[in-house]
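Visitor: Sharing a structure here in structure tokens format.
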Amino acid sequence: MPMTQQVERVKRRRTLADKIITGLNTARYRATEPLMLARARARFEHLYRDPDEYPLISVYVPTYNRGEILMERAVKSVLAQSYPNFEFIILGDCCTDNTAELVFGIKDPRVIFYNIPTRGYRYPPTPENNWFAGPVVAANEALGRVRGKWIARIDDDDLWTPDHLEVLLRFAQEGNYEFASASYEAERHGKRYIVDAREDNPRIGGTQTWLYRSYLSFFKYNIHCWRKSWNKVNDTDIQHRIYEAGVRMGYLDRVVATIIPRPGEKTIGLEAYLTAEKEGIRVHA
């Protein structure tokens, strides 16, 4: 089931506070982000003129108490990249499992770990809201720590193709794109299919396929995205704002990532969160 259909199935009565906060945030983003983009271009765009440059890429992953799957999927995928010039920021959202122990056991100087020390109240802790806004705090913390000229995100349970960074970087450089994304493969209930954003306008791939210039890091994820009536998921909220601000975006018709169910689950995304709720399992983003 496409993500938009999943989200449409989740209905809640929006409060007056939801509408006011959403309206104020929308007005603020529309007023400030195009101006911030113009200023960032004026300061930094000249640094991206060389299409053959071999720049540092900042890869980040927000994670919460999924140490084993983080190591098995995201860490293996990133460290197996054919493009080696990257830093890998693993951002724990106050992890209390063995994530820190596992990460500190990685013998690779490109890996950086930071664990947010506290995890306070952020939103009503429903499965839907965990899906909509769960990674926001950790993702924004990671964006404040990037040092590379380009930024890529992977979630802890995602898989990348070995040439993921290489092909996206070359595609973005050759097309002079500020933001590039691509197709990915997904699996639900034992069936795999390609998600290629063919019917979307604009065509933007899933967050695990994004590669963009680091001067766009001022675009931060919206912790109040769950309050909206549409584009409630944190990544669709931010990608819409990036597009509306006028960022040059390119789409690569090539599979560069795979999303499969986590161990013990049969599906992915919001459907997995709602299924877990029915089975009495608490799932955090």
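Labels for the structure tokens follow display order: chains A, B, ..., residues from 1 in each chain, ligands from 1.
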Would you list the contacts of region 266-272 of chain A as an NGL selection string, taking every protein, DNA or RNA residue within 6 Å and counting only C-alpha atoms, but skipping same-chain residues closer than 4 positions in sequence?

Guide: :A and (188-189 or 261)

Visitor: Kindly save the residues from that selection, with N, CA and C atoms included, as an mmCIF file, in the first residue's frame.

Guide:
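This went into out25.cif:
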data_model
loop_
_atom_site.group_PDB
_atom_site.id
_atom_site.type_symbol
_atom_site.label_atom_id
_atom_site.label_comp_id
_atom_site.auth_asym_id
_atom_site.auth_seq_id
_atom_site.Cartn_x
_atom_site.Cartn_y
_atom_site.Cartn_z
ATOM 1 N N ARG A 188 6.439 -6.012 1.274
ATOM 2 C CA ARG A 188 5.293 -6.120 2.175
ATOM 3 C C ARG A 188 4.666 -7.496 2.002
ATOM 4 N N HIS A 189 4.486 -8.179 3.105
ATOM 5 C CA HIS A 189 3.816 -9.473 3.105
ATOM 6 C C HIS A 189 4.409 -10.425 2.060
ATOM 7 N N PRO A 261 10.798 -5.767 5.942
ATOM 8 C CA PRO A 261 10.288 -5.827 7.315
ATOM 9 C C PRO A 261 11.395 -6.133 8.323
#

Visitor: Using DSSP on the backbone coordinates, identify all residues within region 47-205 of chain A classified as strand (DSSP E); present the result as a PyMOL selection string.

Guide: chain A and resi 57-63+86-92+111-115+150-153+158-160+179-188+191-195

Visitor: Give me the residues near Glu141 (chain A) as a list in words, where near means some atom within 9 Å (using only C-alpha atoms) and where sequence neighbours in that chain fewer than 4 positions away do not count.

Guide: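 The neighbour list is Pro62, Leu91, Ile116, Val136, Val137 and Arg145 of chain A.
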
Visitor: Near region 35-40 of chain A, counting only C-alpha atoms, which residues have an atom at most 10 Å away, once you skip same-chain residues fewer than 6 positions from it, shown as a PyMOL selection string?

Guide: chain A and resi 29+214-219+242+245-247

Visitor: Excluding same-chain residues fewer than 3 positions from Gln208 (chain A), what lies within 12 Å of it counting only C-alpha atoms, as a ChimeraX atom specification?

Guide: /A:59-62,74,77-78,151-161,164-165,168,180-186,204-205,211-212,235,255-259

Visitor: Using only C-alpha atoms, which residues sit within 9 Å of Leu79 (chain A) once same-chain residues fewer than 3 positions away are excluded, as a PyMOL selection string?

Guide: chain A and resi 74-76+82+84+88+108+110+162

Visitor: Once you have the residues from the selection above, write them out as an mmCIF file, in the first residue's frame, restricted to N, CA and C atoms.

Guide:
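The file below, again.cif, is the result:
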data_model
loop_
_atom_site.group_PDB
_atom_site.id
_atom_site.type_symbol
_atom_site.label_atom_id
_atom_site.label_comp_id
_atom_site.auth_asym_id
_atom_site.auth_seq_id
_atom_site.Cartn_x
_atom_site.Cartn_y
_atom_site.Cartn_z
ATOM 1 N N ALA A 74 21.952 -0.970 8.590
ATOM 2 C CA ALA A 74 22.498 0.340 8.240
ATOM 3 C C ALA A 74 24.019 0.365 8.282
ATOM 4 N N VAL A 75 24.609 -0.128 9.373
ATOM 5 C CA VAL A 75 26.070 -0.059 9.502
ATOM 6 C C VAL A 75 26.759 -0.868 8.412
ATOM 7 N N LYS A 76 26.288 -2.087 8.179
ATOM 8 C CA LYS A 76 26.889 -2.900 7.117
ATOM 9 C C LYS A 76 26.768 -2.224 5.762
ATOM 10 N N SER A 82 31.119 1.718 -2.021
ATOM 11 C CA SER A 82 32.246 1.827 -2.953
ATOM 12 C C SER A 82 32.876 3.215 -2.889
ATOM 13 N N PRO A 84 34.373 5.813 -0.544
ATOM 14 C CA PRO A 84 34.847 5.727 0.843
ATOM 15 C C PRO A 84 34.962 7.035 1.609
ATOM 16 N N PHE A 88 30.281 8.857 9.172
ATOM 17 C CA PHE A 88 29.029 8.161 9.460
ATOM 18 C C PHE A 88 28.603 8.507 10.884
ATOM 19 N N ASP A 108 36.426 1.616 12.874
ATOM 20 C CA ASP A 108 36.471 2.434 11.663
ATOM 21 C C ASP A 108 36.417 3.897 12.087
ATOM 22 N N ARG A 110 35.764 6.501 10.610
ATOM 23 C CA ARG A 110 34.724 7.309 9.979
ATOM 24 C C ARG A 110 33.426 7.307 10.780
ATOM 25 N N PRO A 162 25.635 -1.228 -2.695
ATOM 26 C CA PRO A 162 27.030 -0.855 -2.429
ATOM 27 C C PRO A 162 27.490 0.414 -3.135
#

Visitor: Would you give me, as a ChimeraX atom specification, the residues in region 39-206 of chain A that DSSP reads as alpha helix (DSSP H)?

Guide: /A:39-44,67-69,76-79,99-104,127-133,136-143,164-175

Visitor: Between CA of Asp97 (chain A) and CA of Asn85 (chain A), measure the distance and give it in Å to one decimal.

Guide: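 Computing the Euclidean distance for CA of Asp97 (chain A) and CA of Asn85 (chain A) yields 29.7 Å.
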